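Quick notes on the structure that follows.
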Amino acid sequence: MNAINKVIFHNLIAFCFGIVVYFFLSLNLTLGFILFLTVFFLLILKTKIFYSFLLQIIFFQNTFIGFFSGFFDSVENFKIVHGVNILAPVLLFGIYLVKEKLDFRKLSFLNMSLVLFLILFAYFIFGAYSYGFQNAAAYLRLFSSPILMLFAGLYFSKRLDYKYFNSSLKLLLIACFIVAVLQVLFPKQVGMVLNELAYFQMKRGIVSWEELLKQYGGWKLFNSPWIDIYGLRVGSLIKSVISMGYFLTILGIYYYWPKKRLILLAIMAIVILAVNSKGVLISFFFVISLHFLIYRTNLSKDLAIVGYLVLITIVIVVGHRSGNEHIMGFLNGVPYIWSMGNGLGFSGNLSDVRLVSWNGGALPDLGYHTRFQNGSESVFGVLFSSMGAFSILYFSYFLMVMFLINKKPSNGNLRMDVLKVLLIVLFLQGIFQEEAFSPYALGLVTFLTGLNLKITKGIPKEFSRG
């Protein structure tokens, strides 16, 4: 069996395990979680299958849930099962801590990562008490994903060879791309195979194919009120439209820029047709532009990054003057830095209590723009309003990650050069979009970063216990 066939075979086995696990999760949460833990700790002994299993339940979990959406006995259980794809990297982070023999007598990056995660967990407890478990859990997942995914990548970088982990991830990219193309051409037929009506009936209360197809095609191009052209928005194997756009865009750039630009253009064409998200396209433009300035001009890296920051500032100023909701959310979240924060779940698109002010009263009614007073639509806006002064620690942590990664020599690895730019752009993309820190966006970038550190003269000591 050649290398490609092995990758396909391992992914098929992992897919079968995923089908069984999510079938039982849909029938009974307790039994399903016991089975999930059993499969998790059995497969960890088979690294390649475990890698494929982890990738599938993190990135394509919604497909598994979709197959069995009709079996859930409540919407609450349906929502809880969506948390499994963050439970997996949490467990892997714990295993990494044990294997690295965590030692708090030394100041290490690993210690700081654990402390930051515990601070996030403390704000989750506070938020769960004040605003409900699901609201707080949604933002614990969002803010912790980039940290957990980095260490998931580091875990596998020590156990898999470079060619294998790239081939397996590329297979998921190809699968998502093919399904996205087919869903644009045959939305109802593909939707029936993926059981999407049952899935979106549980998630959004959609009760007919006509209503679902109308939702697919009910969005103005690039979600812009100024363009009177309607485009399709489908989620492929991810089901979250913007997350699917980030997933395809990031992996497309990672694998095909700058050597195979035609393939990348084909991927971006389907992103435009199936997603048409301004945020995703802006991040694509920023990555390509910053990569060009750093590696294709005589500008120094520092000067190129300064130029990028100036461009970000201009976008913020223009967005503020035009009343853009993303910029309003970012700027309205900034004053909360001087507080202790309100807990995870206090604001944001994933929370149903986002119309409450810091003192528990209703926000001033600004119509459509009311919720942006608490930071919604911006990761940083929500982070500031949720964690207050502690958000500075979170912000500083990722500045440190970017510094540590960018000081490592690439040794001719073009993908590592691209990742250094992706890490900067996707982190700052959090100014403009909440989805930018999801497992499909910045989480995917930090995962790729952890994987690729293996081929830059080993794991940096800053990421170990030493």
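Following the order of the structure tokens, first chain is A, next is B, and so on, with residues numbered from 1 inside each chain and ligands from 1 in the order they appear.
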- Task: Within 9 Å of Phe330 (chain A), counting only C-alpha atoms, which residues show up once you throw out same-chain ones fewer than 5 positions away? Write them as a ChimeraX atom specification, please.
- Result: /A:325,372,374-382,384,431-432
What would the file look like if the residues just selected were written as a PDB file, in the first residue's frame with N, CA and C atoms?
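Result file is part-v1.pdb:
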```
ATOM      1  N   GLU A 325     -20.264  47.721  11.654  1.00  0.00           N
ATOM      2  CA  GLU A 325     -20.570  47.049  12.913  1.00  0.00           C
ATOM      3  C   GLU A 325     -19.345  46.370  13.536  1.00  0.00           C
ATOM      4  N   PHE A 372     -23.757  45.980  19.285  1.00  0.00           N
ATOM      5  CA  PHE A 372     -22.331  46.248  19.066  1.00  0.00           C
ATOM      6  C   PHE A 372     -21.735  47.133  20.158  1.00  0.00           C
ATOM      7  N   ASN A 374     -21.485  46.294  23.106  1.00  0.00           N
ATOM      8  CA  ASN A 374     -20.762  45.401  24.013  1.00  0.00           C
ATOM      9  C   ASN A 374     -19.624  44.660  23.320  1.00  0.00           C
ATOM     10  N   GLY A 375     -19.317  45.025  22.087  1.00  0.00           N
ATOM     11  CA  GLY A 375     -18.175  44.423  21.409  1.00  0.00           C
ATOM     12  C   GLY A 375     -18.490  43.374  20.380  1.00  0.00           C
ATOM     13  N   SER A 376     -19.753  43.007  20.194  1.00  0.00           N
ATOM     14  CA  SER A 376     -20.114  41.964  19.237  1.00  0.00           C
ATOM     15  C   SER A 376     -19.572  42.256  17.842  1.00  0.00           C
ATOM     16  N   GLU A 377     -19.298  41.188  17.090  1.00  0.00           N
ATOM     17  CA  GLU A 377     -18.751  41.194  15.732  1.00  0.00           C
ATOM     18  C   GLU A 377     -17.234  41.336  15.705  1.00  0.00           C
ATOM     19  N   SER A 378     -16.602  41.566  16.842  1.00  0.00           N
ATOM     20  CA  SER A 378     -15.145  41.665  16.913  1.00  0.00           C
ATOM     21  C   SER A 378     -14.656  40.755  18.033  1.00  0.00           C
ATOM     22  N   VAL A 379     -13.692  39.879  17.731  1.00  0.00           N
ATOM     23  CA  VAL A 379     -13.127  39.030  18.779  1.00  0.00           C
ATOM     24  C   VAL A 379     -12.558  39.883  19.900  1.00  0.00           C
ATOM     25  N   PHE A 380     -11.809  40.905  19.534  1.00  0.00           N
ATOM     26  CA  PHE A 380     -11.186  41.747  20.553  1.00  0.00           C
ATOM     27  C   PHE A 380     -12.227  42.521  21.364  1.00  0.00           C
ATOM     28  N   GLY A 381     -13.281  42.998  20.693  1.00  0.00           N
ATOM     29  CA  GLY A 381     -14.334  43.696  21.401  1.00  0.00           C
ATOM     30  C   GLY A 381     -14.977  42.807  22.457  1.00  0.00           C
ATOM     31  N   VAL A 382     -15.282  41.557  22.079  1.00  0.00           N
ATOM     32  CA  VAL A 382     -15.878  40.606  23.018  1.00  0.00           C
ATOM     33  C   VAL A 382     -14.872  40.221  24.096  1.00  0.00           C
ATOM     34  N   PHE A 384     -12.361  42.038  25.306  1.00  0.00           N
ATOM     35  CA  PHE A 384     -12.202  43.153  26.248  1.00  0.00           C
ATOM     36  C   PHE A 384     -13.399  43.238  27.202  1.00  0.00           C
ATOM     37  N   ILE A 431      -9.876  41.710  15.054  1.00  0.00           N
ATOM     38  CA  ILE A 431     -10.457  43.057  15.161  1.00  0.00           C
ATOM     39  C   ILE A 431     -11.783  43.112  14.406  1.00  0.00           C
ATOM     40  N   PHE A 432     -11.838  42.401  13.286  1.00  0.00           N
ATOM     41  CA  PHE A 432     -12.944  42.564  12.353  1.00  0.00           C
ATOM     42  C   PHE A 432     -14.005  41.478  12.419  1.00  0.00           C
TER      43      PHE A 432
END
```
- Find the residues around region 131-147 of chain A up to 10 Å (only C-alpha atoms counted), leave out those fewer than 6 positions away in its own chain, and share them as a ChimeraX atom specification. /A:76,79-80,82-83,85-87,89-90,93,113-114,116-118,120-125,342-354,379,382-383,386,394,397-398,401,427,434-447
Quick one: write out the picked residues with C-alpha atoms as a PDB file, in the first residue's frame?
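Final output, again.pdb:
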```pdb
ATOM      1  CA  GLU A  76     -30.049  21.420  24.346  1.00  0.00           C
ATOM      2  CA  LYS A  79     -25.964  22.064  21.217  1.00  0.00           C
ATOM      3  CA  ILE A  80     -23.960  20.265  23.913  1.00  0.00           C
ATOM      4  CA  HIS A  82     -21.125  20.602  19.435  1.00  0.00           C
ATOM      5  CA  GLY A  83     -18.659  20.958  22.310  1.00  0.00           C
ATOM      6  CA  ASN A  85     -14.639  19.097  19.053  1.00  0.00           C
ATOM      7  CA  ILE A  86     -13.064  21.304  21.716  1.00  0.00           C
ATOM      8  CA  LEU A  87     -13.004  18.520  24.323  1.00  0.00           C
ATOM      9  CA  PRO A  89      -7.783  19.209  22.080  1.00  0.00           C
ATOM     10  CA  VAL A  90      -8.418  19.898  25.793  1.00  0.00           C
ATOM     11  CA  PHE A  93      -3.358  19.497  25.987  1.00  0.00           C
ATOM     12  CA  SER A 113      -0.110  28.598  28.463  1.00  0.00           C
ATOM     13  CA  LEU A 114      -1.636  26.579  31.281  1.00  0.00           C
ATOM     14  CA  LEU A 116      -3.796  31.545  30.637  1.00  0.00           C
ATOM     15  CA  PHE A 117      -6.102  28.597  30.023  1.00  0.00           C
ATOM     16  CA  LEU A 118      -6.969  28.484  33.738  1.00  0.00           C
ATOM     17  CA  LEU A 120     -10.057  31.635  30.731  1.00  0.00           C
ATOM     18  CA  PHE A 121     -11.669  28.789  32.649  1.00  0.00           C
ATOM     19  CA  ALA A 122     -12.181  31.034  35.697  1.00  0.00           C
ATOM     20  CA  TYR A 123     -13.943  33.613  33.484  1.00  0.00           C
ATOM     21  CA  PHE A 124     -15.977  30.749  32.022  1.00  0.00           C
ATOM     22  CA  ILE A 125     -17.163  29.776  35.529  1.00  0.00           C
ATOM     23  CA  ASN A 342     -17.984  40.622  32.958  1.00  0.00           C
ATOM     24  CA  GLY A 343     -17.311  36.933  32.314  1.00  0.00           C
ATOM     25  CA  LEU A 344     -17.474  34.828  29.156  1.00  0.00           C
ATOM     26  CA  GLY A 345     -20.892  34.917  27.522  1.00  0.00           C
ATOM     27  CA  PHE A 346     -21.541  38.550  28.459  1.00  0.00           C
ATOM     28  CA  SER A 347     -21.518  39.655  24.821  1.00  0.00           C
ATOM     29  CA  GLY A 348     -20.936  38.401  21.309  1.00  0.00           C
ATOM     30  CA  ASN A 349     -22.896  36.846  18.471  1.00  0.00           C
ATOM     31  CA  LEU A 350     -22.806  33.424  20.150  1.00  0.00           C
ATOM     32  CA  SER A 351     -24.486  34.737  23.308  1.00  0.00           C
ATOM     33  CA  ASP A 352     -28.177  35.432  23.828  1.00  0.00           C
ATOM     34  CA  VAL A 353     -27.551  38.029  26.574  1.00  0.00           C
ATOM     35  CA  ARG A 354     -25.633  40.488  24.410  1.00  0.00           C
ATOM     36  CA  VAL A 379     -13.127  39.030  18.779  1.00  0.00           C
ATOM     37  CA  VAL A 382     -15.878  40.606  23.018  1.00  0.00           C
ATOM     38  CA  LEU A 383     -12.557  39.695  24.668  1.00  0.00           C
ATOM     39  CA  SER A 386     -15.597  39.699  28.837  1.00  0.00           C
ATOM     40  CA  TYR A 394      -4.306  37.116  26.434  1.00  0.00           C
ATOM     41  CA  TYR A 397       0.477  35.845  25.033  1.00  0.00           C
ATOM     42  CA  PHE A 398      -0.182  35.775  21.305  1.00  0.00           C
ATOM     43  CA  VAL A 401       3.785  33.386  20.190  1.00  0.00           C
ATOM     44  CA  PHE A 427      -4.621  37.254  14.908  1.00  0.00           C
ATOM     45  CA  GLU A 434     -15.571  36.890  15.753  1.00  0.00           C
ATOM     46  CA  GLU A 435     -15.078  33.778  13.614  1.00  0.00           C
ATOM     47  CA  ALA A 436     -11.392  34.671  13.162  1.00  0.00           C
ATOM     48  CA  PHE A 437     -10.392  32.863  16.392  1.00  0.00           C
ATOM     49  CA  SER A 438     -12.405  29.699  15.765  1.00  0.00           C
ATOM     50  CA  PRO A 439     -10.755  26.259  15.293  1.00  0.00           C
ATOM     51  CA  TYR A 440     -11.251  26.771  11.543  1.00  0.00           C
ATOM     52  CA  ALA A 441      -9.334  30.079  11.416  1.00  0.00           C
ATOM     53  CA  LEU A 442      -6.653  31.153  13.919  1.00  0.00           C
ATOM     54  CA  GLY A 443      -6.979  27.741  15.592  1.00  0.00           C
ATOM     55  CA  LEU A 444      -6.113  26.079  12.268  1.00  0.00           C
ATOM     56  CA  VAL A 445      -3.136  28.410  11.805  1.00  0.00           C
ATOM     57  CA  THR A 446      -1.735  27.686  15.288  1.00  0.00           C
ATOM     58  CA  PHE A 447      -2.265  23.949  14.666  1.00  0.00           C
TER      59      PHE A 447
END
```
- Task: Go through A:Lys278, A:His291, A:His10, A:Lys99 and flag the residue nearest Trp257 (chain A), using only C-alpha atoms for the distances.
- Result: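 Distance minimum relative to Trp257 (chain A) lands on A:His291.
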- Task: Please run DSSP on the backbone and report, as a PyMOL selection string, all residues within region 36-251 of chain A that come out as strand (DSSP E).
- Result: chain A and resi 219-220+230-231
Suppose we keep C-alpha atoms; can you now write the selection as an mmCIF file, in the first residue's frame?
```cif
data_model
loop_
_atom_site.group_PDB
_atom_site.id
_atom_site.type_symbol
_atom_site.label_atom_id
_atom_site.label_comp_id
_atom_site.auth_asym_id
_atom_site.auth_seq_id
_atom_site.Cartn_x
_atom_site.Cartn_y
_atom_site.Cartn_z
ATOM 1 C CA TRP A 219 -27.692 36.794 1.124
ATOM 2 C CA LYS A 220 -26.447 39.792 -0.801
ATOM 3 C CA TYR A 230 -27.689 37.859 -4.273
ATOM 4 C CA GLY A 231 -25.171 35.049 -3.888
#
```
- Message: Please determine, counting only C-alpha atoms, which residue among A:Leu154, A:Ile272, A:Ile282, A:Val7 has the shortest atom-to-atom distance to Val315 (chain A).
- Response: A:Ile282
- Item | Among the residues A:Ile294, A:Ala180, A:Met416, A:Ile392, the one that comes closest to Ser236 (chain A) [using only C-alpha atoms] | A:Ala180
So that I can check the surroundings of Phe40 (chain A), please list as a PDB file with N, CA and C atoms, in the first residue's frame every protein, DNA and RNA residue that reaches within 10 Å of it, counting only C-alpha atoms and ignoring chain neighbours fewer than 5 positions away.
```pdb
ATOM      1  N   PHE A  17     -15.049   5.421  12.944  1.00  0.00           N
ATOM      2  CA  PHE A  17     -15.086   5.673  14.382  1.00  0.00           C
ATOM      3  C   PHE A  17     -15.930   6.914  14.698  1.00  0.00           C
ATOM      4  N   ILE A  34     -18.956   8.485  27.083  1.00  0.00           N
ATOM      5  CA  ILE A  34     -18.140   7.346  27.534  1.00  0.00           C
ATOM      6  C   ILE A  34     -17.483   6.675  26.330  1.00  0.00           C
ATOM      7  N   LEU A  35     -18.259   6.486  25.265  1.00  0.00           N
ATOM      8  CA  LEU A  35     -17.709   5.874  24.059  1.00  0.00           C
ATOM      9  C   LEU A  35     -16.650   6.770  23.421  1.00  0.00           C
ATOM     10  N   LEU A  45      -3.043   5.244  20.831  1.00  0.00           N
ATOM     11  CA  LEU A  45      -1.960   4.277  20.663  1.00  0.00           C
ATOM     12  C   LEU A  45      -1.647   4.051  19.180  1.00  0.00           C
ATOM     13  N   PHE A  50      -5.364   8.089  14.920  1.00  0.00           N
ATOM     14  CA  PHE A  50      -5.767   9.076  15.916  1.00  0.00           C
ATOM     15  C   PHE A  50      -5.694  10.487  15.344  1.00  0.00           C
ATOM     16  N   PHE A  53      -8.623  10.913  13.028  1.00  0.00           N
ATOM     17  CA  PHE A  53      -9.844  11.004  13.839  1.00  0.00           C
ATOM     18  C   PHE A  53      -9.984  12.391  14.451  1.00  0.00           C
ATOM     19  N   LEU A  54      -8.897  12.891  15.024  1.00  0.00           N
ATOM     20  CA  LEU A  54      -8.925  14.208  15.648  1.00  0.00           C
ATOM     21  C   LEU A  54      -9.234  15.292  14.635  1.00  0.00           C
ATOM     22  N   ALA A  88     -11.706  17.352  22.612  1.00  0.00           N
ATOM     23  CA  ALA A  88     -10.578  16.560  22.134  1.00  0.00           C
ATOM     24  C   ALA A  88      -9.239  17.281  22.313  1.00  0.00           C
ATOM     25  N   LEU A  91      -8.241  17.490  26.051  1.00  0.00           N
ATOM     26  CA  LEU A  91      -7.638  16.245  26.537  1.00  0.00           C
ATOM     27  C   LEU A  91      -6.202  16.108  26.043  1.00  0.00           C
ATOM     28  N   LEU A  92      -5.981  16.470  24.786  1.00  0.00           N
ATOM     29  CA  LEU A  92      -4.638  16.357  24.227  1.00  0.00           C
ATOM     30  C   LEU A  92      -3.684  17.332  24.908  1.00  0.00           C
TER      31      LEU A  92
END
```
- Query: Hey, what does DSSP flag as helix (DSSP H, G or I) within region 227-303 of chain A? Can you give it to me as a ChimeraX atom specification?
  - Reply: /A:241-256,261-274,278-295,301-303
With C-alpha atoms retained, write the just-selected residues as an mmCIF file, in the first residue's frame.
```
data_model
loop_
_atom_site.group_PDB
_atom_site.id
_atom_site.type_symbol
_atom_site.label_atom_id
_atom_site.label_comp_id
_atom_site.auth_asym_id
_atom_site.auth_seq_id
_atom_site.Cartn_x
_atom_site.Cartn_y
_atom_site.Cartn_z
ATOM 1 C CA VAL A 241 -20.369 29.384 6.131
ATOM 2 C CA ILE A 242 -17.683 31.848 7.250
ATOM 3 C CA SER A 243 -15.721 29.113 9.035
ATOM 4 C CA MET A 244 -15.745 27.085 5.812
ATOM 5 C CA GLY A 245 -14.407 30.153 3.995
ATOM 6 C CA TYR A 246 -11.527 30.507 6.444
ATOM 7 C CA PHE A 247 -10.774 26.774 6.339
ATOM 8 C CA LEU A 248 -10.507 26.678 2.534
ATOM 9 C CA THR A 249 -8.645 29.988 2.328
ATOM 10 C CA ILE A 250 -6.028 29.200 4.991
ATOM 11 C CA LEU A 251 -5.272 25.693 3.713
ATOM 12 C CA GLY A 252 -5.352 26.946 0.121
ATOM 13 C CA ILE A 253 -2.714 29.575 0.920
ATOM 14 C CA TYR A 254 -0.712 27.119 3.040
ATOM 15 C CA TYR A 255 -0.489 24.465 0.313
ATOM 16 C CA TYR A 256 -0.555 26.452 -2.923
ATOM 17 C CA ARG A 261 -1.403 30.000 -7.822
ATOM 18 C CA LEU A 262 -3.945 28.615 -10.294
ATOM 19 C CA ILE A 263 -5.081 25.991 -7.784
ATOM 20 C CA LEU A 264 -5.330 28.677 -5.117
ATOM 21 C CA LEU A 265 -7.400 30.856 -7.459
ATOM 22 C CA ALA A 266 -9.769 27.917 -8.053
ATOM 23 C CA ILE A 267 -10.190 27.516 -4.290
ATOM 24 C CA MET A 268 -10.824 31.240 -3.861
ATOM 25 C CA ALA A 269 -13.360 31.147 -6.692
ATOM 26 C CA ILE A 270 -15.467 28.607 -4.786
ATOM 27 C CA VAL A 271 -14.969 30.625 -1.574
ATOM 28 C CA ILE A 272 -16.460 33.650 -3.349
ATOM 29 C CA LEU A 273 -19.312 31.617 -4.846
ATOM 30 C CA ALA A 274 -20.178 29.652 -1.700
ATOM 31 C CA LYS A 278 -15.943 40.290 3.242
ATOM 32 C CA GLY A 279 -13.879 39.237 6.258
ATOM 33 C CA VAL A 280 -12.500 36.103 4.599
ATOM 34 C CA LEU A 281 -11.578 37.957 1.420
ATOM 35 C CA ILE A 282 -9.948 40.776 3.412
ATOM 36 C CA SER A 283 -7.804 38.246 5.277
ATOM 37 C CA PHE A 284 -6.809 36.651 1.944
ATOM 38 C CA PHE A 285 -5.803 40.049 0.569
ATOM 39 C CA PHE A 286 -3.826 40.888 3.712
ATOM 40 C CA VAL A 287 -1.954 37.556 3.743
ATOM 41 C CA ILE A 288 -0.964 37.737 0.080
ATOM 42 C CA SER A 289 0.005 41.415 0.342
ATOM 43 C CA LEU A 290 2.054 41.031 3.535
ATOM 44 C CA HIS A 291 3.794 37.907 2.220
ATOM 45 C CA PHE A 292 4.703 39.789 -0.953
ATOM 46 C CA LEU A 293 6.042 42.793 0.969
ATOM 47 C CA ILE A 294 8.176 40.644 3.293
ATOM 48 C CA TYR A 295 9.526 38.050 0.864
ATOM 49 C CA LYS A 301 10.183 42.481 7.708
ATOM 50 C CA ASP A 302 9.699 45.103 10.430
ATOM 51 C CA LEU A 303 8.938 47.841 7.910
#
```
- Item | Of the listed residues A:Gln429, A:Gln56, A:Val421, A:Ala389, that which approaches Phe403 (chain A) most closely, counting only C-alpha atoms |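 Of the candidates, the smallest distance to Phe403 (chain A) is held by A:Val421.
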- Can you tell me, as JSON, numbers by chain, what residues are no more than 7 Å from Gly388 (chain A) when counting only C-alpha atoms, ignoring any on the same chain fewer than 2 positions away? {"A": [336, 337, 338, 339, 340, 341, 384, 385, 386, 390, 391]}
- Item | Separation of CA of Tyr216 (chain A) from CA of Leu197 (chain A) in Å | 11.8 Å
- Counting only C-alpha atoms, the option among A:Leu27, A:Leu148, A:Ile19, A:Leu414 closest to Val39 (chain A): A:Ile19
